[in-house]
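Read the structure below first, then the notes.
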Amino acid sequence: MTDRISPDGEIYYPTPEVVAQARVKDWDALAKSALADPLAFWAGEAEELEWYRRWDKVLDDSKKPFYKWFAGAQCNIIHNALDRHQKTGKKNKLSLVWVGERNEVRTYSYFALNRDVCKFANVLKAMGVKKGDRVTIYMPRIPEIVIAMLACAKIGAIHSVVYGGFSVDALQGRIEDSESKVVVTADGGFMNGKVVELKKIVDDAVRHAPTVETVIVVQRTGHEVRMEPGRDYWYHDLMKLPLATGVSATEVMDAYDPLYMLYTSGTTGKPKGLIHCHGGYMVGVYSTLKYVFDLKDEDRYWCAADPGWVTGHSYIVYGPLLMGATTFMYEGAPTYPYPNRWWHLVEKYGITILYTAPTAIRGLMRFGESWPNRHDLSTLRILGSVGEPINPEAWKWYHRGIGKGRCPIMDTWWQTETGMFQLTPTPVVPLKPGSATRPFFGQDAEILDENGGPVPDGEEGFLALKNPWPAAAITIYKDPDRYVNQYWSKYPGRYMAGDSAKRDKDGYFWVIGRTDDVIKVSGYRLGTAEVESALVSHPAVAEAAVIGVSHEVKGQAIYAYCILRKGFKESEELADEVKAHVGKHMGPIVRPEKITFVDSLPKTRSGKIMRRVLNARAQGLPEGDVSTLEE
Ligand code: WTA
């Protein structure tokens, strides 16, 4: 039976089958009790996991906004993600099924994954990596990225994964800021039939990073790469060493100890390294995945994000393993070599849950329903979306064309900072296409105006979260003040998300987009400042300003406005050259869609670029109030 739709076509009710299977049948009841006592709800969730030492207090808020969840507890996320499964029937269950772009298949039972993680943990220790040290991971979507992350966590080292689609400058900045001792990478990766030369990029990036002592290289493509004696080692050589085998103890961590850092773009300046911790993060990610995607033992779950972003951290790697589930990972792009690549994989591997981004859905939608229709997608039972608002047209196509009207779509709104879902339905919640519905259990959200006053339903304002939640980033690496100022200062006692949104009369939230200088290109979060500094690093560019302009598939595309230095003349060739320059230095996703050469940029008298004016110009709209514009 397909979902029941309200007569006006606005609301999609779950089918009786979905309700029958759902872990939580009465959403309202649980939401009500969790909201009445969030700490009791979270303590109950935490009880489902194992701890070395129980907490003294569920939440210590004496130093807020530095909320300390499960204060006094000791744990390690790896104990719950791997160690405890070795003692149960999960030991022989598949933890990871991986398919390469060239159709290779690799599978890991919980036993095998644990074995390799132990080995690599021993290797890292032998390299001198200790609790609290940072390790940068820059890899393609292959199983070793998961192994490297988990091995770091096991020994208490802090992993800093840099997305493999970034390039030299982005990587270098992140290695430098994190002061990593070790970089784990691969010779290259396959993408759309081509080799991405990751090792070469690492060589360029570490040239100026004095903290890096060791580079460990996984062989993926097999093409020739330069190995620097005394610094570079092959992963497969290290894993064969006698020191790699044998038990590797899981480090006992305080719940509040850092697990990883992840750089993300903010309002101004350089990307910031958000820190997530072992205890609270573990509970939040486990609980949200359990309720929202309703993971069951027999599921084949596929989060088609990249491990290099928070979605991958929480919901490819940690969440599914905490659940003892089977997680599926595919190396390549959705449309290579043909637009049925994903549908083929769903059919062949019996995927039951598919979690992806609106940009991917829109990209696949362009090719029409004949591609998915060639495949048996009947194993699917729940779909998901994340990364940007999903337009109702794409939502409906996903629902009908892929889910065949049977599968509810979990539109999950959250952020690198939140670590876990914040606004999201669960399978039994009636859905409205384009709305991430309501706050997760224990959470409450509101729409506020500039001064912190409430905004009436139906009107746009700033999205703020009312209650602390366990998977929140605990700070910004080396910059706690920025953590306080950026998120917790605008509205005292509230978390300011940086998004604008509306709430409707039914209490459903509709996220509109960022209110700051963050651009979402194909769901990837980029800061205007980073793109602008890449632009001005080209010898012809004196000044630059970039904006995000709506794009049919990517959600937003980067438009750049550049002032040329004296002696350079504008031309299409120069625009292409500047685009290529940005792509080479920052990565292909950062490459501007369009470059316009201008004589001046609209600035306020204090010198701040008025992006609003550029946006209006790009869309051919009136420029609005320009009274603060400099002459
Ligand atoms: C946007 C990604 C609408 C939002 C997990 C947020 C969304 C930013 C949704 C965080 C959604 C994420 N609907 N917008 N379901 N999910 N966003 O840190 O603007 O890469 O602030 O985390 O993505 O991006 P980030």
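Chain labels run A, B, ... following the order of the structure tokens; each chain numbers its residues from 1, and ligands are numbered from 1 in the order shown.
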Write out as a ChimeraX atom specification each polymer residue whose atoms come within 10 Å of stretch 528-535 of chain A, counting only C-alpha atoms; drop sequence neighbours fewer than 6 positions from it.
/A:169-170,265-271,516-519,541-548,558,560-562,578-579,581-586,590-592,611
Resulting file, chosen residues, N, CA, C and O atoms, as a tab-separated table (two decimals), in the first residue's frame:
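result-v7.tsv, freshly written:
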```
chain	number	residue	atom	x	y	z
A	169	ASP	N	45.44	23.92	-0.87
A	169	ASP	CA	45.37	25.00	0.11
A	169	ASP	C	44.45	24.65	1.26
A	169	ASP	O	44.75	24.93	2.43
A	170	ALA	N	43.31	24.04	0.92
A	170	ALA	CA	42.34	23.68	1.96
A	170	ALA	C	42.96	22.64	2.90
A	170	ALA	O	42.84	22.73	4.12
A	265	SER	N	33.03	25.72	7.49
A	265	SER	CA	33.08	27.14	7.18
A	265	SER	C	32.08	27.90	8.01
A	265	SER	O	30.97	27.43	8.26
A	266	GLY	N	32.47	29.07	8.41
A	266	GLY	CA	31.57	29.89	9.23
A	266	GLY	C	31.37	31.25	8.60
A	266	GLY	O	31.56	31.42	7.40
A	267	THR	N	31.00	32.19	9.43
A	267	THR	CA	30.64	33.50	8.94
A	267	THR	C	31.83	34.22	8.32
A	267	THR	O	31.75	34.72	7.22
A	268	THR	N	32.91	34.25	9.04
A	268	THR	CA	34.05	34.98	8.49
A	268	THR	C	35.33	34.16	8.67
A	268	THR	O	35.34	33.19	9.43
A	269	GLY	N	36.34	34.57	7.99
A	269	GLY	CA	37.67	34.04	8.22
A	269	GLY	C	37.84	32.58	7.88
A	269	GLY	O	37.12	32.01	7.07
A	270	LYS	N	38.81	31.99	8.55
A	270	LYS	CA	39.21	30.62	8.23
A	270	LYS	C	38.21	29.61	8.76
A	270	LYS	O	37.51	29.88	9.72
A	271	PRO	N	38.18	28.42	8.13
A	271	PRO	CA	37.30	27.38	8.67
A	271	PRO	C	37.70	27.06	10.10
A	271	PRO	O	38.87	27.17	10.47
A	516	ASP	N	24.17	33.65	6.92
A	516	ASP	CA	25.53	34.20	6.96
A	516	ASP	C	26.24	33.98	5.63
A	516	ASP	O	25.61	33.73	4.62
A	517	ASP	N	27.55	34.07	5.64
A	517	ASP	CA	28.31	33.98	4.40
A	517	ASP	C	28.69	32.55	4.06
A	517	ASP	O	29.76	32.28	3.53
A	518	VAL	N	27.81	31.63	4.39
A	518	VAL	CA	28.05	30.24	4.04
A	518	VAL	C	27.26	29.92	2.78
A	518	VAL	O	26.11	30.31	2.64
A	519	ILE	N	27.91	29.22	1.85
A	519	ILE	CA	27.25	28.80	0.61
A	519	ILE	C	27.16	27.29	0.63
A	519	ILE	O	28.09	26.62	1.08
A	541	VAL	N	44.10	38.83	-10.04
A	541	VAL	CA	42.93	39.30	-9.28
A	541	VAL	C	43.35	40.17	-8.09
A	541	VAL	O	44.10	39.73	-7.22
A	542	ALA	N	42.85	41.41	-8.07
A	542	ALA	CA	43.18	42.32	-6.98
A	542	ALA	C	42.19	42.16	-5.82
A	542	ALA	O	42.58	42.13	-4.67
A	543	GLU	N	40.91	42.05	-6.15
A	543	GLU	CA	39.88	41.94	-5.12
A	543	GLU	C	38.78	41.03	-5.64
A	543	GLU	O	38.53	40.98	-6.85
A	544	ALA	N	38.12	40.34	-4.70
A	544	ALA	CA	37.06	39.44	-5.16
A	544	ALA	C	35.95	39.35	-4.13
A	544	ALA	O	36.17	39.50	-2.94
A	545	ALA	N	34.75	39.10	-4.63
A	545	ALA	CA	33.61	38.83	-3.74
A	545	ALA	C	32.81	37.70	-4.36
A	545	ALA	O	32.64	37.65	-5.58
A	546	VAL	N	32.36	36.77	-3.54
A	546	VAL	CA	31.55	35.69	-4.10
A	546	VAL	C	30.21	35.58	-3.39
A	546	VAL	O	30.07	35.95	-2.22
A	547	ILE	N	29.24	35.09	-4.13
A	547	ILE	CA	27.91	34.86	-3.56
A	547	ILE	C	27.41	33.50	-4.04
A	547	ILE	O	27.95	32.93	-4.99
A	548	GLY	N	26.41	32.98	-3.35
A	548	GLY	CA	25.77	31.74	-3.78
A	548	GLY	C	24.47	32.09	-4.49
A	548	GLY	O	23.65	32.81	-3.96
A	558	ILE	N	28.45	29.03	-7.11
A	558	ILE	CA	29.28	30.17	-6.74
A	558	ILE	C	29.42	31.14	-7.91
A	558	ILE	O	29.85	30.76	-8.99
A	560	ALA	N	31.38	34.66	-8.82
A	560	ALA	CA	32.47	35.48	-8.30
A	560	ALA	C	32.55	36.80	-9.07
A	560	ALA	O	32.36	36.84	-10.28
A	561	TYR	N	32.81	37.87	-8.33
A	561	TYR	CA	33.00	39.19	-8.92
A	561	TYR	C	34.44	39.61	-8.61
A	561	TYR	O	34.83	39.64	-7.44
A	562	CYS	N	35.20	39.87	-9.66
A	562	CYS	CA	36.63	40.13	-9.45
A	562	CYS	C	37.04	41.48	-10.04
A	562	CYS	O	36.63	41.84	-11.14
A	578	VAL	N	41.17	31.69	-14.13
A	578	VAL	CA	40.95	31.96	-12.70
A	578	VAL	C	40.10	30.85	-12.08
A	578	VAL	O	40.38	30.39	-10.98
A	579	LYS	N	39.09	30.40	-12.81
A	579	LYS	CA	38.27	29.28	-12.31
A	579	LYS	C	39.13	28.04	-12.05
A	579	LYS	O	39.03	27.40	-11.01
A	581	HIS	N	42.27	27.92	-11.52
A	581	HIS	CA	43.17	28.21	-10.41
A	581	HIS	C	42.50	27.88	-9.07
A	581	HIS	O	43.08	27.22	-8.21
A	582	VAL	N	41.26	28.31	-8.92
A	582	VAL	CA	40.53	28.04	-7.68
A	582	VAL	C	40.31	26.53	-7.53
A	582	VAL	O	40.49	25.97	-6.45
A	583	GLY	N	39.94	25.88	-8.63
A	583	GLY	CA	39.73	24.43	-8.59
A	583	GLY	C	40.98	23.70	-8.17
A	583	GLY	O	40.94	22.76	-7.36
A	584	LYS	N	42.12	24.14	-8.69
A	584	LYS	CA	43.38	23.47	-8.40
A	584	LYS	C	43.79	23.68	-6.94
A	584	LYS	O	44.24	22.76	-6.27
A	585	HIS	N	43.61	24.89	-6.45
A	585	HIS	CA	44.07	25.18	-5.09
A	585	HIS	C	43.11	24.75	-4.00
A	585	HIS	O	43.53	24.30	-2.95
A	586	MET	N	41.81	24.90	-4.24
A	586	MET	CA	40.84	24.61	-3.18
A	586	MET	C	40.08	23.31	-3.41
A	586	MET	O	39.51	22.75	-2.48
A	590	VAL	N	34.89	23.85	-5.25
A	590	VAL	CA	34.99	25.27	-4.91
A	590	VAL	C	35.06	26.14	-6.18
A	590	VAL	O	34.90	27.36	-6.14
A	591	ARG	N	35.29	25.51	-7.29
A	591	ARG	CA	35.43	26.22	-8.57
A	591	ARG	C	34.18	27.06	-8.86
A	591	ARG	O	33.07	26.53	-8.90
A	592	PRO	N	34.36	28.38	-9.10
A	592	PRO	CA	33.17	29.20	-9.36
A	592	PRO	C	32.46	28.81	-10.66
A	592	PRO	O	33.11	28.41	-11.63
A	611	ARG	N	26.99	41.69	0.07
A	611	ARG	CA	26.61	40.54	-0.75
A	611	ARG	C	25.16	40.59	-1.20
A	611	ARG	O	24.79	40.11	-2.25
```
Show me which residues sit within 6 Å of ligand 1 when counting only C-alpha atoms and all ligand atoms, and put them as a PDB file with C-alpha atoms, in the first residue's frame.
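Writing the result to out_23.pdb gives the following:
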```pdb
ATOM      1  CA  THR A 311      27.005  13.226   7.710  1.00  0.00           C
ATOM      2  CA  VAL A 386      20.079  16.105   4.265  1.00  0.00           C
ATOM      3  CA  GLY A 387      22.297  19.070   3.511  1.00  0.00           C
ATOM      4  CA  GLU A 388      19.952  21.739   2.203  1.00  0.00           C
ATOM      5  CA  PRO A 389      16.238  22.347   1.877  1.00  0.00           C
ATOM      6  CA  ASP A 411      14.239  15.101   5.878  1.00  0.00           C
ATOM      7  CA  THR A 412      16.848  15.669   8.585  1.00  0.00           C
ATOM      8  CA  TRP A 413      17.995  19.171   9.446  1.00  0.00           C
ATOM      9  CA  TRP A 414      21.228  19.402  11.395  1.00  0.00           C
ATOM     10  CA  GLN A 415      24.788  20.725  11.177  1.00  0.00           C
ATOM     11  CA  THR A 416      28.449  19.885  11.729  1.00  0.00           C
ATOM     12  CA  ALA A 436      12.071  18.796   8.131  1.00  0.00           C
ATOM     13  CA  ASP A 499      19.707  29.479   9.313  1.00  0.00           C
ATOM     14  CA  VAL A 511      14.268  25.777   6.740  1.00  0.00           C
ATOM     15  CA  GLY A 513      18.768  28.796   4.073  1.00  0.00           C
ATOM     16  CA  ARG A 514      21.803  30.346   5.691  1.00  0.00           C
ATOM     17  CA  TYR A 524      28.821  20.983   0.584  1.00  0.00           C
ATOM     18  CA  ARG A 525      29.357  23.773   3.042  1.00  0.00           C
TER      19      ARG A 525
END
```
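DSSP, applied to the backbone of this structure, assigns strand (DSSP E or B) to the following residues of stretch 291-435 of chain A: A:Arg300, A:Tyr301, A:Trp302, A:Cys303, A:Thr326, A:Thr327, A:Phe328, A:Met329, A:Tyr330, A:Ile353, A:Leu354, A:Tyr355, A:Thr356, A:Ile382, A:Leu383, A:Gly384, A:Ser385, A:Ile409, A:Met410, A:Asp411, A:Trp413, A:Leu423, A:Leu431.
Distance annotation: of A:Gly280, A:Gly156, A:Pro242, A:Pro492, the residue with the minimal separation from A:Ala43 is A:Gly280; atom set is only C-alpha atoms.
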Residues within 12 Å of A:Leu574, only C-alpha atoms, excluding chain neighbours under 4 positions, as a list in words:
His538, Pro539, Ala540, Val541, Cys562, Leu564, Phe568, Lys569, Glu570, Val578, Lys579, Ala580, His581, Lys594, Ile595, Thr596 and Phe597 of chain A
Those residues you just picked out, can you put them in a file as an mmCIF file, in the first residue's frame with N, CA and C atoms?
```cif
data_model
loop_
_atom_site.group_PDB
_atom_site.id
_atom_site.type_symbol
_atom_site.label_atom_id
_atom_site.label_comp_id
_atom_site.auth_asym_id
_atom_site.auth_seq_id
_atom_site.Cartn_x
_atom_site.Cartn_y
_atom_site.Cartn_z
ATOM 1 N N HIS A 538 45.305 34.410 -7.256
ATOM 2 C CA HIS A 538 45.681 34.431 -8.676
ATOM 3 C C HIS A 538 46.303 35.794 -8.991
ATOM 4 N N PRO A 539 47.426 35.799 -9.716
ATOM 5 C CA PRO A 539 48.135 37.075 -9.929
ATOM 6 C C PRO A 539 47.311 38.167 -10.606
ATOM 7 N N ALA A 540 46.267 37.797 -11.329
ATOM 8 C CA ALA A 540 45.501 38.832 -12.038
ATOM 9 C C ALA A 540 44.424 39.472 -11.179
ATOM 10 N N VAL A 541 44.099 38.834 -10.038
ATOM 11 C CA VAL A 541 42.935 39.298 -9.278
ATOM 12 C C VAL A 541 43.355 40.166 -8.088
ATOM 13 N N CYS A 562 35.205 39.869 -9.656
ATOM 14 C CA CYS A 562 36.631 40.133 -9.452
ATOM 15 C C CYS A 562 37.042 41.482 -10.035
ATOM 16 N N LEU A 564 40.279 43.312 -11.477
ATOM 17 C CA LEU A 564 41.594 42.898 -11.980
ATOM 18 C C LEU A 564 42.687 43.879 -11.569
ATOM 19 N N PHE A 568 46.117 43.810 -16.458
ATOM 20 C CA PHE A 568 45.384 42.624 -16.921
ATOM 21 C C PHE A 568 44.094 43.059 -17.597
ATOM 22 N N LYS A 569 43.786 42.378 -18.681
ATOM 23 C CA LYS A 569 42.560 42.733 -19.407
ATOM 24 C C LYS A 569 41.571 41.593 -19.302
ATOM 25 N N GLU A 570 40.299 41.930 -19.099
ATOM 26 C CA GLU A 570 39.309 40.865 -18.949
ATOM 27 C C GLU A 570 39.092 40.119 -20.254
ATOM 28 N N VAL A 578 41.173 31.688 -14.129
ATOM 29 C CA VAL A 578 40.953 31.963 -12.705
ATOM 30 C C VAL A 578 40.104 30.853 -12.078
ATOM 31 N N LYS A 579 39.093 30.396 -12.806
ATOM 32 C CA LYS A 579 38.267 29.279 -12.308
ATOM 33 C C LYS A 579 39.132 28.044 -12.052
ATOM 34 N N ALA A 580 39.986 27.743 -13.041
ATOM 35 C CA ALA A 580 40.846 26.555 -12.920
ATOM 36 C C ALA A 580 41.799 26.710 -11.736
ATOM 37 N N HIS A 581 42.270 27.920 -11.523
ATOM 38 C CA HIS A 581 43.174 28.212 -10.411
ATOM 39 C C HIS A 581 42.496 27.882 -9.075
ATOM 40 N N LYS A 594 30.620 31.010 -12.297
ATOM 41 C CA LYS A 594 30.674 32.166 -13.189
ATOM 42 C C LYS A 594 31.587 33.229 -12.585
ATOM 43 N N ILE A 595 32.388 33.851 -13.435
ATOM 44 C CA ILE A 595 33.224 34.956 -12.969
ATOM 45 C C ILE A 595 32.868 36.204 -13.763
ATOM 46 N N THR A 596 32.606 37.290 -13.081
ATOM 47 C CA THR A 596 32.336 38.559 -13.742
ATOM 48 C C THR A 596 33.425 39.537 -13.307
ATOM 49 N N PHE A 597 34.041 40.177 -14.284
ATOM 50 C CA PHE A 597 35.050 41.185 -13.934
ATOM 51 C C PHE A 597 34.357 42.527 -13.771
#
```
Write out as a tab-separated table the residues of stretch 26-139 of chain A that have any atom within 12 Å of an atom of stretch 194-209 of chain A, one row each with the nearest atom pair and its distance in Å to one decimal, counting only C-alpha atoms, sorted by chain and then rising number.
```
residue	atom	partner	partner_atom	distance
A:Glu101	CA	A:Lys194	CA	10.1
A:Arg102	CA	A:Lys194	CA	10.9
A:Thr136	CA	A:Val202	CA	10.5
A:Ile137	CA	A:Val202	CA	10.4
A:Tyr138	CA	A:Leu198	CA	7.7
A:Met139	CA	A:Leu198	CA	7.3
```
Contacts of stretch 176-199 of chain A with stretch 327-348 of chain A up to 9 Å, shortest pair per row, only C-alpha atoms, as a tab-separated table:
```
residue	atom	partner	partner_atom	distance
A:Gly189	CA	A:Glu331	CA	8.7
A:Phe190	CA	A:Gly332	CA	7.0
A:Met191	CA	A:Gly332	CA	5.6
A:Asn192	CA	A:Tyr336	CA	5.7
A:Gly193	CA	A:Tyr336	CA	7.8
```
Write the selection just made, keeping all heavy atoms, as a PDB file, in the first residue's frame?
```pdb
ATOM      1  N   GLY A 189      42.510   8.241  -5.825  1.00  0.00           N
ATOM      2  CA  GLY A 189      41.161   7.690  -5.745  1.00  0.00           C
ATOM      3  C   GLY A 189      40.564   7.662  -7.136  1.00  0.00           C
ATOM      4  O   GLY A 189      41.054   8.353  -8.039  1.00  0.00           O
ATOM      5  N   PHE A 190      39.541   6.846  -7.325  1.00  0.00           N
ATOM      6  CA  PHE A 190      38.851   6.827  -8.618  1.00  0.00           C
ATOM      7  C   PHE A 190      37.585   7.654  -8.526  1.00  0.00           C
ATOM      8  O   PHE A 190      36.807   7.517  -7.584  1.00  0.00           O
ATOM      9  CB  PHE A 190      38.474   5.395  -9.006  1.00  0.00           C
ATOM     10  CG  PHE A 190      39.658   4.537  -9.336  1.00  0.00           C
ATOM     11  CD1 PHE A 190      39.976   3.433  -8.550  1.00  0.00           C
ATOM     12  CD2 PHE A 190      40.458   4.827 -10.438  1.00  0.00           C
ATOM     13  CE1 PHE A 190      41.071   2.637  -8.852  1.00  0.00           C
ATOM     14  CE2 PHE A 190      41.564   4.034 -10.744  1.00  0.00           C
ATOM     15  CZ  PHE A 190      41.868   2.933  -9.953  1.00  0.00           C
ATOM     16  N   MET A 191      37.390   8.519  -9.492  1.00  0.00           N
ATOM     17  CA  MET A 191      36.153   9.300  -9.556  1.00  0.00           C
ATOM     18  C   MET A 191      35.819   9.542 -11.020  1.00  0.00           C
ATOM     19  O   MET A 191      36.645  10.055 -11.762  1.00  0.00           O
ATOM     20  CB  MET A 191      36.342  10.621  -8.793  1.00  0.00           C
ATOM     21  CG  MET A 191      35.070  11.402  -8.517  1.00  0.00           C
ATOM     22  SD  MET A 191      33.665  10.477  -7.833  1.00  0.00           S
ATOM     23  CE  MET A 191      34.146  10.211  -6.133  1.00  0.00           C
ATOM     24  N   ASN A 192      34.634   9.114 -11.419  1.00  0.00           N
ATOM     25  CA  ASN A 192      34.197   9.243 -12.807  1.00  0.00           C
ATOM     26  C   ASN A 192      35.224   8.689 -13.795  1.00  0.00           C
ATOM     27  O   ASN A 192      35.507   9.288 -14.825  1.00  0.00           O
ATOM     28  CB  ASN A 192      33.881  10.697 -13.141  1.00  0.00           C
ATOM     29  CG  ASN A 192      32.680  11.195 -12.359  1.00  0.00           C
ATOM     30  OD1 ASN A 192      31.665  10.483 -12.249  1.00  0.00           O
ATOM     31  ND2 ASN A 192      32.782  12.361 -11.766  1.00  0.00           N
ATOM     32  N   GLY A 193      35.814   7.560 -13.430  1.00  0.00           N
ATOM     33  CA  GLY A 193      36.730   6.892 -14.336  1.00  0.00           C
ATOM     34  C   GLY A 193      38.133   7.464 -14.351  1.00  0.00           C
ATOM     35  O   GLY A 193      39.017   6.953 -15.030  1.00  0.00           O
TER      36      GLY A 193
END
```
If I take atom CA of A:Gln556 and atom CA of A:Ser522, how far is one from the other in Å, to one decimal?
6.9 Å
Distance of atom CA of A:Ser109 from atom CA of A:Glu144, expressed in Å to one decimal place
14.4 Å
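By only C-alpha atoms, and with residues fewer than 6 positions from A:Ala471 along its chain excluded, the set lying at most 9 Å from it is A:Trp69, A:His276, A:Cys277, A:Gly279, A:Gly280, A:Tyr281, A:Met282, A:Val283, A:Gly284, A:Val285, A:Glu417, A:Thr418, A:Gly419, A:Met420.
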Export of prior selection with all heavy atoms as a compact mmCIF listing (two decimals), in the first residue's frame:
```txt
# COMPACT_ATOMS: atom_id res chain seq x y z
N TRP A 69 28.05 16.66 29.05
CA TRP A 69 27.10 15.56 29.17
C TRP A 69 27.78 14.35 29.80
O TRP A 69 28.94 14.08 29.56
CB TRP A 69 26.54 15.17 27.80
CG TRP A 69 25.53 16.16 27.32
CD1 TRP A 69 25.78 17.34 26.67
CD2 TRP A 69 24.12 16.09 27.51
NE1 TRP A 69 24.60 18.00 26.42
CE2 TRP A 69 23.57 17.25 26.92
CE3 TRP A 69 23.26 15.15 28.10
CZ2 TRP A 69 22.19 17.50 26.91
CZ3 TRP A 69 21.89 15.41 28.08
CH2 TRP A 69 21.37 16.57 27.50
N HIS A 276 34.24 17.24 18.57
CA HIS A 276 33.20 16.37 19.12
C HIS A 276 33.85 15.40 20.12
O HIS A 276 35.01 15.04 19.96
CB HIS A 276 32.49 15.61 18.01
CG HIS A 276 31.49 16.47 17.28
ND1 HIS A 276 30.27 16.77 17.81
CD2 HIS A 276 31.56 17.11 16.09
CE1 HIS A 276 29.61 17.56 16.96
NE2 HIS A 276 30.38 17.79 15.91
N CYS A 277 33.06 15.01 21.12
CA CYS A 277 33.63 14.20 22.20
C CYS A 277 33.08 12.77 22.17
O CYS A 277 32.16 12.46 21.42
CB CYS A 277 33.34 14.86 23.54
SG CYS A 277 31.60 14.82 23.96
N GLY A 279 31.57 10.74 24.73
CA GLY A 279 30.36 10.30 25.43
C GLY A 279 29.05 10.82 24.86
O GLY A 279 28.20 10.05 24.41
N GLY A 280 28.89 12.14 24.90
CA GLY A 280 27.64 12.72 24.45
C GLY A 280 27.40 12.44 22.97
O GLY A 280 26.28 12.10 22.56
N TYR A 281 28.43 12.55 22.18
CA TYR A 281 28.30 12.32 20.74
C TYR A 281 27.81 10.90 20.46
O TYR A 281 26.90 10.68 19.65
CB TYR A 281 29.66 12.56 20.09
CG TYR A 281 29.68 12.32 18.59
CD1 TYR A 281 29.18 13.27 17.71
CD2 TYR A 281 30.21 11.15 18.06
CE1 TYR A 281 29.20 13.06 16.34
CE2 TYR A 281 30.24 10.93 16.69
CZ TYR A 281 29.74 11.89 15.84
OH TYR A 281 29.75 11.67 14.48
N MET A 282 28.40 9.96 21.19
CA MET A 282 28.04 8.55 21.02
C MET A 282 26.54 8.33 21.30
O MET A 282 25.84 7.69 20.52
CB MET A 282 28.92 7.75 21.98
CG MET A 282 28.50 6.38 22.36
SD MET A 282 29.82 5.65 23.39
CE MET A 282 29.13 5.87 25.03
N VAL A 283 26.06 8.93 22.37
CA VAL A 283 24.65 8.74 22.75
C VAL A 283 23.72 9.42 21.73
O VAL A 283 22.73 8.84 21.28
CB VAL A 283 24.39 9.29 24.18
CG1 VAL A 283 22.91 9.23 24.52
CG2 VAL A 283 25.21 8.52 25.20
N GLY A 284 24.06 10.64 21.34
CA GLY A 284 23.20 11.40 20.43
C GLY A 284 23.09 10.75 19.06
O GLY A 284 22.00 10.65 18.49
N VAL A 285 24.21 10.31 18.53
CA VAL A 285 24.22 9.73 17.20
C VAL A 285 23.50 8.37 17.20
O VAL A 285 22.69 8.06 16.31
CB VAL A 285 25.68 9.60 16.70
CG1 VAL A 285 25.77 8.71 15.49
CG2 VAL A 285 26.23 10.98 16.38
N GLU A 417 28.01 21.31 13.61
CA GLU A 417 28.04 21.72 15.01
C GLU A 417 27.13 20.86 15.88
O GLU A 417 27.43 20.60 17.04
CB GLU A 417 27.57 23.17 15.15
CG GLU A 417 28.51 24.21 14.58
CD GLU A 417 28.32 24.45 13.08
OE1 GLU A 417 27.67 23.61 12.41
OE2 GLU A 417 28.83 25.46 12.59
N THR A 418 25.98 20.46 15.34
CA THR A 418 25.01 19.75 16.19
C THR A 418 25.35 18.27 16.30
O THR A 418 24.87 17.60 17.22
CB THR A 418 23.56 19.90 15.68
OG1 THR A 418 23.41 19.15 14.48
CG2 THR A 418 23.18 21.36 15.46
N GLY A 419 26.14 17.75 15.36
CA GLY A 419 26.59 16.36 15.43
C GLY A 419 25.52 15.33 15.14
O GLY A 419 25.82 14.21 14.75
N MET A 420 24.27 15.68 15.39
CA MET A 420 23.15 14.74 15.22
C MET A 420 21.92 15.50 14.73
O MET A 420 21.87 16.73 14.81
CB MET A 420 22.83 14.08 16.56
CG MET A 420 22.39 15.09 17.62
SD MET A 420 21.99 14.37 19.22
CE MET A 420 20.36 15.05 19.45
```
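The smallest atom-to-atom distance between A:Gln219 and any of A:Gly527, A:Pro143, A:Gly461, A:Pro358, using only C-alpha atoms, is found for A:Pro143.
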Taking the DSSP secondary structure from the backbone, can you list the residues of stretch 181-278 of chain A that are alpha helix (DSSP H), as number ranges by chain?
A: 198-206, 235-240
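Closest approach to A:Ile447 among A:Leu96, A:Val292, A:Leu274, A:Leu465 is made by A:Leu465 (distances from only C-alpha atoms).
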Which one is closest to A:Lys290: A:Gly363, A:Pro468, A:Pro427, A:Pro7? Count only C-alpha atoms.
A:Pro427
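For A:Ala157, the set of protein, DNA and RNA residues having any atom at most 9 Å away, when counting only C-alpha atoms and skipping those fewer than 3 positions along the same chain, is A:Val129, A:Lys130, A:Lys131, A:Gly132, A:Asp133, A:Arg134, A:Val135, A:Ala151, A:Cys152, A:Ala153, A:Lys154, A:Pro258, A:Leu259, A:Tyr260.
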